[in-house]
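final.txt, holding compact mmCIF, N, CA and C atoms:
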# COMPACT_ATOMS: atom_id res chain seq x y z
N MET A 123 11.03 3.00 -82.57
CA MET A 123 11.90 2.50 -81.52
C MET A 123 11.23 1.39 -80.73
N LYS A 124 9.93 1.58 -80.44
CA LYS A 124 9.19 0.58 -79.68
C LYS A 124 9.12 -0.74 -80.44
N ASN A 125 8.93 -0.70 -81.77
CA ASN A 125 8.88 -1.91 -82.58
C ASN A 125 10.21 -2.65 -82.59
N ASN A 126 11.33 -1.89 -82.61
CA ASN A 126 12.65 -2.52 -82.56
C ASN A 126 12.83 -3.33 -81.28
N TRP A 127 12.37 -2.78 -80.17
CA TRP A 127 12.47 -3.47 -78.89
C TRP A 127 11.66 -4.76 -78.91
N LEU A 128 10.44 -4.72 -79.47
CA LEU A 128 9.60 -5.92 -79.55
C LEU A 128 10.23 -6.98 -80.45
N ILE A 129 10.80 -6.56 -81.57
CA ILE A 129 11.45 -7.52 -82.47
C ILE A 129 12.65 -8.15 -81.77
N PHE A 130 13.46 -7.33 -81.08
CA PHE A 130 14.60 -7.86 -80.34
C PHE A 130 14.14 -8.86 -79.27
N PHE A 131 13.11 -8.51 -78.51
CA PHE A 131 12.61 -9.38 -77.45
C PHE A 131 12.11 -10.70 -78.02
N ALA A 132 11.35 -10.65 -79.12
CA ALA A 132 10.83 -11.87 -79.74
C ALA A 132 11.97 -12.76 -80.24
N ALA A 133 12.98 -12.13 -80.89
CA ALA A 133 14.13 -12.90 -81.37
C ALA A 133 14.89 -13.53 -80.21
N TYR A 134 15.04 -12.79 -79.12
CA TYR A 134 15.72 -13.31 -77.93
C TYR A 134 14.98 -14.52 -77.35
N MET A 135 13.67 -14.44 -77.25
CA MET A 135 12.88 -15.55 -76.69
C MET A 135 12.96 -16.78 -77.59
N ILE A 136 12.95 -16.58 -78.90
CA ILE A 136 13.09 -17.71 -79.83
C ILE A 136 14.46 -18.36 -79.66
N LEU A 137 15.50 -17.55 -79.55
CA LEU A 137 16.85 -18.07 -79.35
C LEU A 137 16.94 -18.87 -78.05
N ILE A 138 16.39 -18.35 -76.98
CA ILE A 138 16.39 -19.07 -75.69
C ILE A 138 15.66 -20.41 -75.85
N GLY A 139 14.55 -20.41 -76.56
CA GLY A 139 13.81 -21.65 -76.80
C GLY A 139 14.64 -22.69 -77.53
N PHE A 140 15.39 -22.26 -78.54
CA PHE A 140 16.26 -23.19 -79.27
C PHE A 140 17.39 -23.70 -78.41
N LEU A 141 17.97 -22.84 -77.60
CA LEU A 141 19.10 -23.25 -76.75
C LEU A 141 18.66 -24.22 -75.66
N CYS A 142 17.52 -23.97 -75.07
CA CYS A 142 17.05 -24.83 -73.99
C CYS A 142 16.50 -26.14 -74.53
N GLY A 143 15.84 -26.09 -75.65
CA GLY A 143 15.25 -27.28 -76.23
C GLY A 143 14.06 -27.74 -75.43
N SER A 144 13.19 -28.45 -76.08
CA SER A 144 12.02 -28.98 -75.38
C SER A 144 12.39 -30.31 -74.74
N PRO A 145 11.65 -30.74 -73.73
CA PRO A 145 11.93 -32.04 -73.12
C PRO A 145 11.82 -33.16 -74.15
N LYS A 146 12.64 -34.18 -73.98
CA LYS A 146 12.69 -35.29 -74.91
C LYS A 146 12.44 -36.59 -74.18
N GLN A 147 12.44 -37.67 -74.93
CA GLN A 147 12.38 -38.99 -74.35
C GLN A 147 13.80 -39.37 -73.93
N LEU A 148 13.91 -40.22 -72.93
CA LEU A 148 15.20 -40.63 -72.37
C LEU A 148 16.15 -41.15 -73.44
N ASN A 149 15.65 -41.98 -74.36
CA ASN A 149 16.50 -42.59 -75.37
C ASN A 149 17.08 -41.57 -76.36
N LYS A 150 16.57 -40.36 -76.39
CA LYS A 150 17.12 -39.32 -77.26
C LYS A 150 18.27 -38.58 -76.57
N VAL A 151 18.36 -38.69 -75.24
CA VAL A 151 19.41 -38.03 -74.47
C VAL A 151 20.54 -39.00 -74.16
N ILE A 152 20.20 -40.24 -73.81
CA ILE A 152 21.20 -41.26 -73.46
C ILE A 152 21.03 -42.45 -74.40
N LYS A 153 22.12 -42.86 -75.03
CA LYS A 153 22.09 -43.98 -75.99
C LYS A 153 22.63 -45.25 -75.33
N GLY A 154 22.01 -46.38 -75.65
CA GLY A 154 22.46 -47.66 -75.12
C GLY A 154 21.47 -48.75 -75.45
N GLU A 155 21.64 -49.91 -74.84
CA GLU A 155 20.69 -51.00 -75.01
C GLU A 155 19.40 -50.60 -74.29
N THR A 156 18.27 -50.85 -74.93
CA THR A 156 17.00 -50.29 -74.46
C THR A 156 15.97 -51.38 -74.17
N GLU A 157 15.20 -51.18 -73.10
CA GLU A 157 14.04 -52.01 -72.77
C GLU A 157 12.85 -51.07 -72.72
N ILE A 158 11.81 -51.40 -73.47
CA ILE A 158 10.63 -50.53 -73.54
C ILE A 158 9.42 -51.30 -73.04
N TYR A 159 8.67 -50.70 -72.11
CA TYR A 159 7.49 -51.35 -71.55
C TYR A 159 6.22 -50.82 -72.21
N TYR A 160 5.42 -51.73 -72.70
CA TYR A 160 4.11 -51.42 -73.27
C TYR A 160 3.03 -52.05 -72.40
N LYS A 161 1.89 -51.40 -72.28
CA LYS A 161 0.77 -51.91 -71.48
C LYS A 161 -0.07 -52.91 -72.27
N TYR A 162 0.34 -53.24 -73.47
CA TYR A 162 -0.39 -54.17 -74.32
C TYR A 162 0.63 -55.03 -75.07
N ASN A 163 0.15 -56.08 -75.73
CA ASN A 163 1.02 -56.96 -76.52
C ASN A 163 0.83 -56.69 -78.01
N PHE A 164 1.89 -56.87 -78.79
CA PHE A 164 1.81 -56.75 -80.24
C PHE A 164 2.90 -57.64 -80.84
N ASP A 165 2.81 -57.88 -82.14
CA ASP A 165 3.81 -58.70 -82.83
C ASP A 165 5.02 -57.86 -83.18
N THR A 166 6.20 -58.41 -82.93
CA THR A 166 7.45 -57.73 -83.28
C THR A 166 8.51 -58.77 -83.60
N HIS A 167 9.45 -58.41 -84.45
CA HIS A 167 10.58 -59.29 -84.77
C HIS A 167 11.70 -59.15 -83.73
N LEU A 168 11.60 -58.14 -82.87
CA LEU A 168 12.62 -57.90 -81.84
C LEU A 168 12.42 -58.84 -80.65
N PRO A 169 13.46 -59.10 -79.89
CA PRO A 169 13.30 -59.91 -78.68
C PRO A 169 12.35 -59.20 -77.71
N TYR A 170 11.52 -59.98 -77.03
CA TYR A 170 10.56 -59.40 -76.09
C TYR A 170 10.22 -60.39 -74.99
N GLU A 171 9.60 -59.88 -73.96
CA GLU A 171 9.11 -60.71 -72.85
C GLU A 171 7.67 -60.30 -72.58
N LYS A 172 6.75 -61.28 -72.64
CA LYS A 172 5.34 -60.99 -72.36
C LYS A 172 5.13 -60.94 -70.86
N LEU A 173 4.34 -59.98 -70.42
CA LEU A 173 4.06 -59.78 -69.00
C LEU A 173 2.55 -59.73 -68.79
N GLY A 174 1.85 -60.80 -69.12
CA GLY A 174 0.39 -60.78 -69.02
C GLY A 174 -0.18 -59.87 -70.07
N GLU A 175 -0.79 -58.76 -69.65
CA GLU A 175 -1.40 -57.83 -70.61
C GLU A 175 -0.36 -56.95 -71.31
N GLY A 176 0.83 -56.84 -70.76
CA GLY A 176 1.86 -55.98 -71.35
C GLY A 176 3.07 -56.77 -71.80
N MET A 177 4.11 -56.02 -72.23
CA MET A 177 5.33 -56.67 -72.68
C MET A 177 6.50 -55.70 -72.59
N ILE A 178 7.71 -56.27 -72.51
CA ILE A 178 8.94 -55.49 -72.59
C ILE A 178 9.64 -55.87 -73.89
N VAL A 179 9.99 -54.89 -74.70
CA VAL A 179 10.71 -55.11 -75.96
C VAL A 179 12.16 -54.68 -75.75
N PHE A 180 13.09 -55.53 -76.18
CA PHE A 180 14.53 -55.28 -76.04
C PHE A 180 15.10 -54.87 -77.40
N CYS A 181 15.82 -53.74 -77.45
CA CYS A 181 16.35 -53.28 -78.73
C CYS A 181 17.48 -52.29 -78.50
N ASP A 182 18.07 -51.83 -79.61
CA ASP A 182 19.03 -50.73 -79.53
C ASP A 182 18.37 -49.50 -80.16
N ASN A 183 19.06 -48.37 -80.10
CA ASN A 183 18.45 -47.12 -80.58
C ASN A 183 18.08 -47.15 -82.06
N SER A 184 18.79 -47.93 -82.86
CA SER A 184 18.49 -47.96 -84.29
C SER A 184 17.15 -48.63 -84.59
N SER A 185 16.62 -49.42 -83.67
CA SER A 185 15.35 -50.11 -83.88
C SER A 185 14.15 -49.35 -83.35
N LEU A 186 14.38 -48.29 -82.60
CA LEU A 186 13.28 -47.58 -81.93
C LEU A 186 12.27 -46.97 -82.88
N HIS A 187 12.71 -46.52 -84.05
CA HIS A 187 11.78 -45.87 -84.97
C HIS A 187 10.72 -46.82 -85.52
N ASN A 188 10.95 -48.14 -85.42
CA ASN A 188 9.99 -49.13 -85.91
C ASN A 188 8.97 -49.55 -84.86
N LEU A 189 9.09 -49.04 -83.64
CA LEU A 189 8.21 -49.45 -82.55
C LEU A 189 7.14 -48.40 -82.28
N PRO A 190 5.99 -48.84 -81.71
CA PRO A 190 4.96 -47.87 -81.34
C PRO A 190 5.51 -46.85 -80.35
N LYS A 191 5.02 -45.63 -80.43
CA LYS A 191 5.52 -44.54 -79.58
C LYS A 191 4.76 -44.41 -78.27
N ASP A 192 3.74 -45.21 -78.06
CA ASP A 192 2.89 -45.06 -76.87
C ASP A 192 3.32 -45.98 -75.72
N TYR A 193 4.62 -46.07 -75.48
CA TYR A 193 5.11 -46.91 -74.39
C TYR A 193 4.92 -46.19 -73.05
N SER A 194 4.94 -46.98 -71.97
CA SER A 194 4.71 -46.44 -70.63
C SER A 194 6.00 -46.13 -69.90
N ALA A 195 7.05 -46.86 -70.20
CA ALA A 195 8.34 -46.64 -69.53
C ALA A 195 9.45 -47.13 -70.45
N ILE A 196 10.65 -46.58 -70.23
CA ILE A 196 11.80 -46.97 -71.03
C ILE A 196 13.02 -47.04 -70.13
N THR A 197 13.88 -48.02 -70.38
CA THR A 197 15.13 -48.17 -69.64
C THR A 197 16.27 -48.28 -70.63
N VAL A 198 17.36 -47.55 -70.36
CA VAL A 198 18.55 -47.61 -71.20
C VAL A 198 19.71 -48.09 -70.34
N SER A 199 20.42 -49.12 -70.80
CA SER A 199 21.61 -49.62 -70.11
C SER A 199 22.84 -49.00 -70.76
N VAL A 200 23.71 -48.42 -69.92
CA VAL A 200 24.88 -47.71 -70.44
C VAL A 200 26.12 -48.04 -69.62
N LYS A 201 27.28 -47.83 -70.24
CA LYS A 201 28.57 -47.93 -69.56
C LYS A 201 28.91 -46.54 -69.05
N ALA A 202 28.50 -46.23 -67.84
CA ALA A 202 28.74 -44.92 -67.24
C ALA A 202 28.50 -45.04 -65.75
N ASP A 203 29.02 -44.08 -64.99
CA ASP A 203 28.71 -44.08 -63.57
C ASP A 203 27.58 -43.08 -63.29
N ALA A 204 27.03 -43.16 -62.11
CA ALA A 204 25.86 -42.35 -61.76
C ALA A 204 26.13 -40.86 -61.89
N GLU A 205 27.30 -40.41 -61.48
CA GLU A 205 27.59 -38.98 -61.53
C GLU A 205 27.63 -38.45 -62.96
N GLU A 206 28.12 -39.25 -63.91
CA GLU A 206 28.11 -38.85 -65.32
C GLU A 206 26.68 -38.67 -65.82
N ILE A 207 25.82 -39.63 -65.46
CA ILE A 207 24.42 -39.57 -65.90
C ILE A 207 23.70 -38.39 -65.27
N ILE A 208 23.96 -38.15 -63.98
CA ILE A 208 23.34 -37.01 -63.30
C ILE A 208 23.72 -35.71 -64.01
N LYS A 209 24.98 -35.60 -64.41
CA LYS A 209 25.45 -34.39 -65.10
C LYS A 209 24.82 -34.27 -66.48
N ILE A 210 24.79 -35.35 -67.25
CA ILE A 210 24.22 -35.33 -68.60
C ILE A 210 22.74 -34.93 -68.56
N LEU A 211 22.00 -35.50 -67.62
CA LEU A 211 20.56 -35.25 -67.54
C LEU A 211 20.19 -33.99 -66.75
N ARG A 212 21.22 -33.33 -66.18
CA ARG A 212 20.96 -32.18 -65.29
C ARG A 212 19.92 -32.57 -64.24
N LEU A 213 20.14 -33.75 -63.65
CA LEU A 213 19.18 -34.36 -62.74
C LEU A 213 19.16 -33.66 -61.38
N ASN A 214 17.97 -33.30 -60.95
CA ASN A 214 17.75 -32.79 -59.60
C ASN A 214 17.43 -34.02 -58.75
N VAL A 215 18.41 -34.50 -58.00
CA VAL A 215 18.26 -35.74 -57.22
C VAL A 215 17.30 -35.49 -56.06
N LYS A 216 16.28 -36.34 -55.96
CA LYS A 216 15.29 -36.22 -54.88
C LYS A 216 15.64 -37.13 -53.71
N PHE A 217 16.05 -38.38 -54.00
CA PHE A 217 16.51 -39.28 -52.94
C PHE A 217 17.32 -40.43 -53.52
N ARG A 218 18.10 -41.09 -52.64
CA ARG A 218 18.95 -42.22 -53.01
C ARG A 218 18.66 -43.39 -52.08
N GLU A 219 18.85 -44.60 -52.61
CA GLU A 219 18.78 -45.82 -51.81
C GLU A 219 20.06 -46.60 -52.10
N ASN A 220 20.77 -46.99 -51.05
CA ASN A 220 22.01 -47.74 -51.22
C ASN A 220 21.85 -49.17 -50.74
N SER A 221 22.40 -50.11 -51.50
CA SER A 221 22.50 -51.50 -51.06
C SER A 221 23.95 -51.91 -51.26
N LEU A 222 24.27 -53.17 -51.05
CA LEU A 222 25.66 -53.61 -51.15
C LEU A 222 26.26 -53.37 -52.52
N ASP A 223 25.55 -53.72 -53.58
CA ASP A 223 26.11 -53.68 -54.92
C ASP A 223 25.62 -52.53 -55.80
N VAL A 224 24.54 -51.89 -55.41
CA VAL A 224 23.91 -50.91 -56.31
C VAL A 224 23.41 -49.70 -55.53
N VAL A 225 23.47 -48.56 -56.19
CA VAL A 225 22.85 -47.36 -55.64
C VAL A 225 21.71 -46.98 -56.60
N SER A 226 20.53 -46.72 -56.02
CA SER A 226 19.38 -46.28 -56.81
C SER A 226 19.16 -44.80 -56.53
N ILE A 227 19.06 -44.04 -57.59
CA ILE A 227 18.89 -42.59 -57.49
C ILE A 227 17.60 -42.22 -58.21
N TYR A 228 16.78 -41.42 -57.55
CA TYR A 228 15.52 -40.96 -58.11
C TYR A 228 15.57 -39.44 -58.23
N GLY A 229 15.14 -38.91 -59.37
CA GLY A 229 15.18 -37.48 -59.52
C GLY A 229 14.34 -36.98 -60.67
N TYR A 230 14.47 -35.67 -60.91
CA TYR A 230 13.74 -35.02 -61.98
C TYR A 230 14.72 -34.34 -62.92
N SER A 231 14.56 -34.60 -64.23
CA SER A 231 15.39 -33.97 -65.26
C SER A 231 14.52 -33.08 -66.12
N PRO A 232 14.93 -31.82 -66.32
CA PRO A 232 14.17 -30.94 -67.21
C PRO A 232 14.30 -31.36 -68.68
N LEU A 233 15.21 -32.29 -68.97
CA LEU A 233 15.41 -32.74 -70.35
C LEU A 233 14.47 -33.87 -70.75
N ILE A 234 13.75 -34.43 -69.79
CA ILE A 234 12.91 -35.61 -70.03
C ILE A 234 11.44 -35.25 -69.81
N LYS A 235 10.57 -35.77 -70.68
CA LYS A 235 9.13 -35.54 -70.55
C LYS A 235 8.54 -36.38 -69.42
N GLY A 236 7.43 -35.93 -68.89
CA GLY A 236 6.60 -36.73 -68.00
C GLY A 236 7.16 -36.91 -66.61
N GLY A 237 6.56 -37.86 -65.90
CA GLY A 237 6.99 -38.18 -64.55
C GLY A 237 5.85 -38.79 -63.74
N ILE A 238 6.23 -39.31 -62.59
CA ILE A 238 5.27 -39.86 -61.63
C ILE A 238 5.62 -39.29 -60.26
N VAL A 239 4.68 -39.35 -59.34
CA VAL A 239 4.93 -38.86 -57.99
C VAL A 239 5.29 -40.03 -57.09
N ILE A 240 6.46 -39.94 -56.44
CA ILE A 240 6.91 -40.94 -55.47
C ILE A 240 7.29 -40.20 -54.20
N ASP A 241 6.71 -40.59 -53.09
CA ASP A 241 6.96 -39.94 -51.80
C ASP A 241 6.82 -38.42 -51.87
N GLY A 242 5.86 -37.96 -52.66
CA GLY A 242 5.60 -36.53 -52.76
C GLY A 242 6.49 -35.78 -53.73
N PHE A 243 7.42 -36.47 -54.40
CA PHE A 243 8.33 -35.84 -55.35
C PHE A 243 7.94 -36.23 -56.78
N LEU A 244 8.02 -35.28 -57.71
CA LEU A 244 7.84 -35.60 -59.12
C LEU A 244 9.15 -36.22 -59.62
N ILE A 245 9.06 -37.47 -60.07
CA ILE A 245 10.21 -38.24 -60.52
C ILE A 245 10.02 -38.59 -61.99
N ASN A 246 11.05 -38.35 -62.81
CA ASN A 246 10.98 -38.81 -64.18
C ASN A 246 12.22 -39.60 -64.60
N VAL A 247 13.14 -39.81 -63.64
CA VAL A 247 14.34 -40.62 -63.92
C VAL A 247 14.71 -41.43 -62.68
N GLN A 248 15.01 -42.70 -62.90
CA GLN A 248 15.60 -43.56 -61.87
C GLN A 248 16.89 -44.11 -62.44
N ILE A 249 17.94 -44.09 -61.63
CA ILE A 249 19.24 -44.64 -62.03
C ILE A 249 19.59 -45.76 -61.05
N ALA A 250 19.98 -46.92 -61.58
CA ALA A 250 20.55 -47.99 -60.77
C ALA A 250 21.99 -48.15 -61.25
N ALA A 251 22.94 -47.80 -60.41
CA ALA A 251 24.34 -47.78 -60.83
C ALA A 251 25.16 -48.78 -60.04
N TYR A 252 26.03 -49.51 -60.74
CA TYR A 252 26.99 -50.41 -60.15
C TYR A 252 28.28 -50.27 -60.92
N LEU A 253 29.39 -50.12 -60.21
CA LEU A 253 30.70 -49.92 -60.82
C LEU A 253 30.63 -48.93 -61.98
N ASN A 254 30.93 -49.35 -63.20
CA ASN A 254 30.89 -48.44 -64.36
C ASN A 254 29.74 -48.76 -65.29
N GLU A 255 28.68 -49.35 -64.75
CA GLU A 255 27.48 -49.64 -65.53
C GLU A 255 26.28 -49.07 -64.83
N ALA A 256 25.27 -48.72 -65.61
CA ALA A 256 24.05 -48.19 -65.01
C ALA A 256 22.86 -48.50 -65.89
N LYS A 257 21.71 -48.60 -65.25
CA LYS A 257 20.43 -48.63 -65.94
C LYS A 257 19.75 -47.32 -65.60
N VAL A 258 19.24 -46.67 -66.62
CA VAL A 258 18.56 -45.39 -66.45
C VAL A 258 17.15 -45.56 -66.97
N GLY A 259 16.16 -45.33 -66.13
CA GLY A 259 14.78 -45.52 -66.52
C GLY A 259 13.96 -44.25 -66.42
N SER A 260 12.95 -44.16 -67.29
CA SER A 260 12.03 -43.04 -67.24
C SER A 260 10.62 -43.55 -67.45
N PRO A 261 9.68 -43.30 -66.54
CA PRO A 261 9.89 -42.58 -65.29
C PRO A 261 10.65 -43.39 -64.24
N ILE A 262 10.56 -44.72 -64.32
CA ILE A 262 11.39 -45.58 -63.47
C ILE A 262 11.92 -46.73 -64.31
N ILE A 263 12.81 -47.51 -63.76
CA ILE A 263 13.44 -48.61 -64.50
C ILE A 263 12.42 -49.71 -64.79
N VAL A 264 12.46 -50.22 -66.01
CA VAL A 264 11.63 -51.33 -66.44
C VAL A 264 12.33 -52.63 -66.08
N GLY A 265 11.62 -53.58 -65.52
CA GLY A 265 12.21 -54.88 -65.22
C GLY A 265 13.14 -54.85 -64.02
N ALA A 266 13.98 -55.84 -63.95
CA ALA A 266 14.87 -55.99 -62.80
C ALA A 266 16.20 -55.28 -63.03
N PHE A 267 16.86 -54.97 -61.92
CA PHE A 267 18.22 -54.44 -62.01
C PHE A 267 19.01 -55.05 -60.94

Could you spell out this file's structure in structure tokens?
Amino acid sequence: MKNNWLIFFAAYMILIGFLCGSPKQLNKVIKGETEIYYKYNFDTHLPYEKLGEGMIVFCDNSSLHNLPKDYSAITVSVKADAEEIIKILRLNVKFRENSLDVVSIYGYSPLIKGGIVIDGFLINVQIAAYLNEAKVGSPIIVGAF
């Protein structure tokens, strides 16, 4: 009887693990046009912008598998509003900044790996939303918005 309970418990924990899933990279949760920041320069056939020692590579999700995986930040541009993205990412919003045209939202998503500390909060997602478009960055947005 005791062994049956242990087998049931182990199977239950494995099932919970599959249902919850492990944290992923932002581009695996939200699809769109992507900007990836690297702390170094390399040769690529994709459009890019050199930033001194680093660079931003511009691509779509189909090109990501050809790029190095050791990037420092990633930004995905999508046709969605902030509330949709918050729901998709199960984002725990830490703070917001509003300006005339854009709202910036900073938070933590259990679906995304990593993070940085801003104002004492662990942040792994920044959203800049305007009308029905948004840039979503992890840990923060790459480049301008």

Problem set entry | Residue with smallest distance to Ser226 of chain A - pool A:Tyr159, A:Tyr252, A:Phe243, A:Tyr193, counting only N, CA and C atoms |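 Using only N, CA and C atoms, Ser226 of chain A sits closest to A:Tyr252.
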
Problem set entry | Contact residues around segment 171-179 of chain A with all atoms listed in the file at 7 Å, ignoring same-chain residues under 2 positions, as a PyMOL selection string | chain A and resi 156-164+168-169+181

Problem set entry | Residue nearest Asn254 of chain A - candidates A:Val200, A:Tyr170, A:Asp165, A:Asn183, atoms counted: only N, CA and C atoms |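 Closest candidate: A:Val200.
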
Exercise. In Å, how far is it from atom C of Lys191 of chain A to atom C of Ile210 of chain A?
Worked result: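 According to the coordinates, atom C of Lys191 of chain A and atom C of Ile210 of chain A are separated by 22.5 Å.
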
For this session: Just list the residues in chain A DSSP gives helix (DSSP H, G or I) on the backbone, as an NGL selection string.
Result: :A and (124-142 or 148-151 or 183-188 or 204-211)

Would you write out those residues with N, CA and C atoms, as a CSV table (one decimal), in the frame of the given file?
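The resulting file, part-v3.csv, is reproduced below:
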chain,number,residue,atom,x,y,z
A,124,LYS,N,9.9,1.6,-80.4
A,124,LYS,CA,9.2,0.6,-79.7
A,124,LYS,C,9.1,-0.7,-80.4
A,125,ASN,N,8.9,-0.7,-81.8
A,125,ASN,CA,8.9,-1.9,-82.6
A,125,ASN,C,10.2,-2.6,-82.6
A,126,ASN,N,11.3,-1.9,-82.6
A,126,ASN,CA,12.6,-2.5,-82.6
A,126,ASN,C,12.8,-3.3,-81.3
A,127,TRP,N,12.4,-2.8,-80.2
A,127,TRP,CA,12.5,-3.5,-78.9
A,127,TRP,C,11.7,-4.8,-78.9
A,128,LEU,N,10.4,-4.7,-79.5
A,128,LEU,CA,9.6,-5.9,-79.6
A,128,LEU,C,10.2,-7.0,-80.4
A,129,ILE,N,10.8,-6.6,-81.6
A,129,ILE,CA,11.4,-7.5,-82.5
A,129,ILE,C,12.6,-8.2,-81.8
A,130,PHE,N,13.5,-7.3,-81.1
A,130,PHE,CA,14.6,-7.9,-80.3
A,130,PHE,C,14.1,-8.9,-79.3
A,131,PHE,N,13.1,-8.5,-78.5
A,131,PHE,CA,12.6,-9.4,-77.4
A,131,PHE,C,12.1,-10.7,-78.0
A,132,ALA,N,11.4,-10.6,-79.1
A,132,ALA,CA,10.8,-11.9,-79.7
A,132,ALA,C,12.0,-12.8,-80.2
A,133,ALA,N,13.0,-12.1,-80.9
A,133,ALA,CA,14.1,-12.9,-81.4
A,133,ALA,C,14.9,-13.5,-80.2
A,134,TYR,N,15.0,-12.8,-79.1
A,134,TYR,CA,15.7,-13.3,-77.9
A,134,TYR,C,15.0,-14.5,-77.4
A,135,MET,N,13.7,-14.4,-77.2
A,135,MET,CA,12.9,-15.6,-76.7
A,135,MET,C,13.0,-16.8,-77.6
A,136,ILE,N,13.0,-16.6,-78.9
A,136,ILE,CA,13.1,-17.7,-79.8
A,136,ILE,C,14.5,-18.4,-79.7
A,137,LEU,N,15.5,-17.6,-79.6
A,137,LEU,CA,16.8,-18.1,-79.4
A,137,LEU,C,16.9,-18.9,-78.0
A,138,ILE,N,16.4,-18.4,-77.0
A,138,ILE,CA,16.4,-19.1,-75.7
A,138,ILE,C,15.7,-20.4,-75.8
A,139,GLY,N,14.6,-20.4,-76.6
A,139,GLY,CA,13.8,-21.6,-76.8
A,139,GLY,C,14.6,-22.7,-77.5
A,140,PHE,N,15.4,-22.3,-78.5
A,140,PHE,CA,16.3,-23.2,-79.3
A,140,PHE,C,17.4,-23.7,-78.4
A,141,LEU,N,18.0,-22.8,-77.6
A,141,LEU,CA,19.1,-23.2,-76.8
A,141,LEU,C,18.7,-24.2,-75.7
A,142,CYS,N,17.5,-24.0,-75.1
A,142,CYS,CA,17.0,-24.8,-74.0
A,142,CYS,C,16.5,-26.1,-74.5
A,148,LEU,N,13.9,-40.2,-72.9
A,148,LEU,CA,15.2,-40.6,-72.4
A,148,LEU,C,16.2,-41.2,-73.4
A,149,ASN,N,15.6,-42.0,-74.4
A,149,ASN,CA,16.5,-42.6,-75.4
A,149,ASN,C,17.1,-41.6,-76.4
A,150,LYS,N,16.6,-40.4,-76.4
A,150,LYS,CA,17.1,-39.3,-77.3
A,150,LYS,C,18.3,-38.6,-76.6
A,151,VAL,N,18.4,-38.7,-75.2
A,151,VAL,CA,19.4,-38.0,-74.5
A,151,VAL,C,20.5,-39.0,-74.2
A,183,ASN,N,19.1,-48.4,-80.1
A,183,ASN,CA,18.4,-47.1,-80.6
A,183,ASN,C,18.1,-47.2,-82.1
A,184,SER,N,18.8,-47.9,-82.9
A,184,SER,CA,18.5,-48.0,-84.3
A,184,SER,C,17.2,-48.6,-84.6
A,185,SER,N,16.6,-49.4,-83.7
A,185,SER,CA,15.4,-50.1,-83.9
A,185,SER,C,14.2,-49.4,-83.4
A,186,LEU,N,14.4,-48.3,-82.6
A,186,LEU,CA,13.3,-47.6,-81.9
A,186,LEU,C,12.3,-47.0,-82.9
A,187,HIS,N,12.7,-46.5,-84.0
A,187,HIS,CA,11.8,-45.9,-85.0
A,187,HIS,C,10.7,-46.8,-85.5
A,188,ASN,N,11.0,-48.1,-85.4
A,188,ASN,CA,10.0,-49.1,-85.9
A,188,ASN,C,9.0,-49.6,-84.9
A,204,ALA,N,27.0,-43.2,-62.1
A,204,ALA,CA,25.9,-42.4,-61.8
A,204,ALA,C,26.1,-40.9,-61.9
A,205,GLU,N,27.3,-40.4,-61.5
A,205,GLU,CA,27.6,-39.0,-61.5
A,205,GLU,C,27.6,-38.4,-63.0
A,206,GLU,N,28.1,-39.2,-63.9
A,206,GLU,CA,28.1,-38.8,-65.3
A,206,GLU,C,26.7,-38.7,-65.8
A,207,ILE,N,25.8,-39.6,-65.5
A,207,ILE,CA,24.4,-39.6,-65.9
A,207,ILE,C,23.7,-38.4,-65.3
A,208,ILE,N,24.0,-38.2,-64.0
A,208,ILE,CA,23.3,-37.0,-63.3
A,208,ILE,C,23.7,-35.7,-64.0
A,209,LYS,N,25.0,-35.6,-64.4
A,209,LYS,CA,25.4,-34.4,-65.1
A,209,LYS,C,24.8,-34.3,-66.5
A,210,ILE,N,24.8,-35.4,-67.2
A,210,ILE,CA,24.2,-35.3,-68.6
A,210,ILE,C,22.7,-34.9,-68.6
A,211,LEU,N,22.0,-35.5,-67.6
A,211,LEU,CA,20.6,-35.2,-67.5
A,211,LEU,C,20.2,-34.0,-66.8

Exercise. Which value, in Å to one decimal, gives the distance between atom CA of Asp203 of chain A and atom CA of Ile263 of chain A?
Worked result: 16.0 Å

Exercise. Interatomic distance between atom N of Ala195 of chain A and atom C of Asp182 of chain A?
Worked result: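 Taking atom N of Ala195 of chain A as the start and atom C of Asp182 of chain A as the end point, the length is 15.3 Å.
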
Spatial neighbours of Leu253 of chain A, 7 Å, all atoms listed in the file, chain gap at least 5 places, as a PDB file with N, CA and C atoms, in the coordinates of the input:
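Okay, this is what ended up in around12.pdb:
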ATOM      1  N   ALA A 202      28.500 -46.230 -67.840  1.00  0.00           N
ATOM      2  CA  ALA A 202      28.740 -44.920 -67.240  1.00  0.00           C
ATOM      3  C   ALA A 202      28.500 -45.040 -65.750  1.00  0.00           C
ATOM      4  N   ASP A 203      29.020 -44.080 -64.990  1.00  0.00           N
ATOM      5  CA  ASP A 203      28.710 -44.080 -63.570  1.00  0.00           C
ATOM      6  C   ASP A 203      27.580 -43.080 -63.290  1.00  0.00           C
ATOM      7  N   ALA A 204      27.030 -43.160 -62.110  1.00  0.00           N
ATOM      8  CA  ALA A 204      25.860 -42.350 -61.760  1.00  0.00           C
ATOM      9  C   ALA A 204      26.130 -40.860 -61.890  1.00  0.00           C
ATOM     10  N   ASP A 223      25.550 -53.720 -53.580  1.00  0.00           N
ATOM     11  CA  ASP A 223      26.110 -53.680 -54.920  1.00  0.00           C
ATOM     12  C   ASP A 223      25.620 -52.530 -55.800  1.00  0.00           C
ATOM     13  N   VAL A 224      24.540 -51.890 -55.410  1.00  0.00           N
ATOM     14  CA  VAL A 224      23.910 -50.910 -56.310  1.00  0.00           C
ATOM     15  C   VAL A 224      23.410 -49.700 -55.530  1.00  0.00           C
TER      16      VAL A 224
END

Exercise. Could you write out, as a PyMOL selection string, all the residues of chain A that DSSP marks as strand (DSSP E)?
Worked result: chain A and resi 155-160+170-173+176-181+195-200+214-220+225-230+238-240+243-245+247-252+255-260

Exercise. Quick one: residues within 6 Å of Ile249 of chain A, only N, CA and C atoms counted, chain neighbours fewer than 3 positions away excluded, as an MDAnalysis selection string?
Worked result: chainID A and resid 225:228 257:259
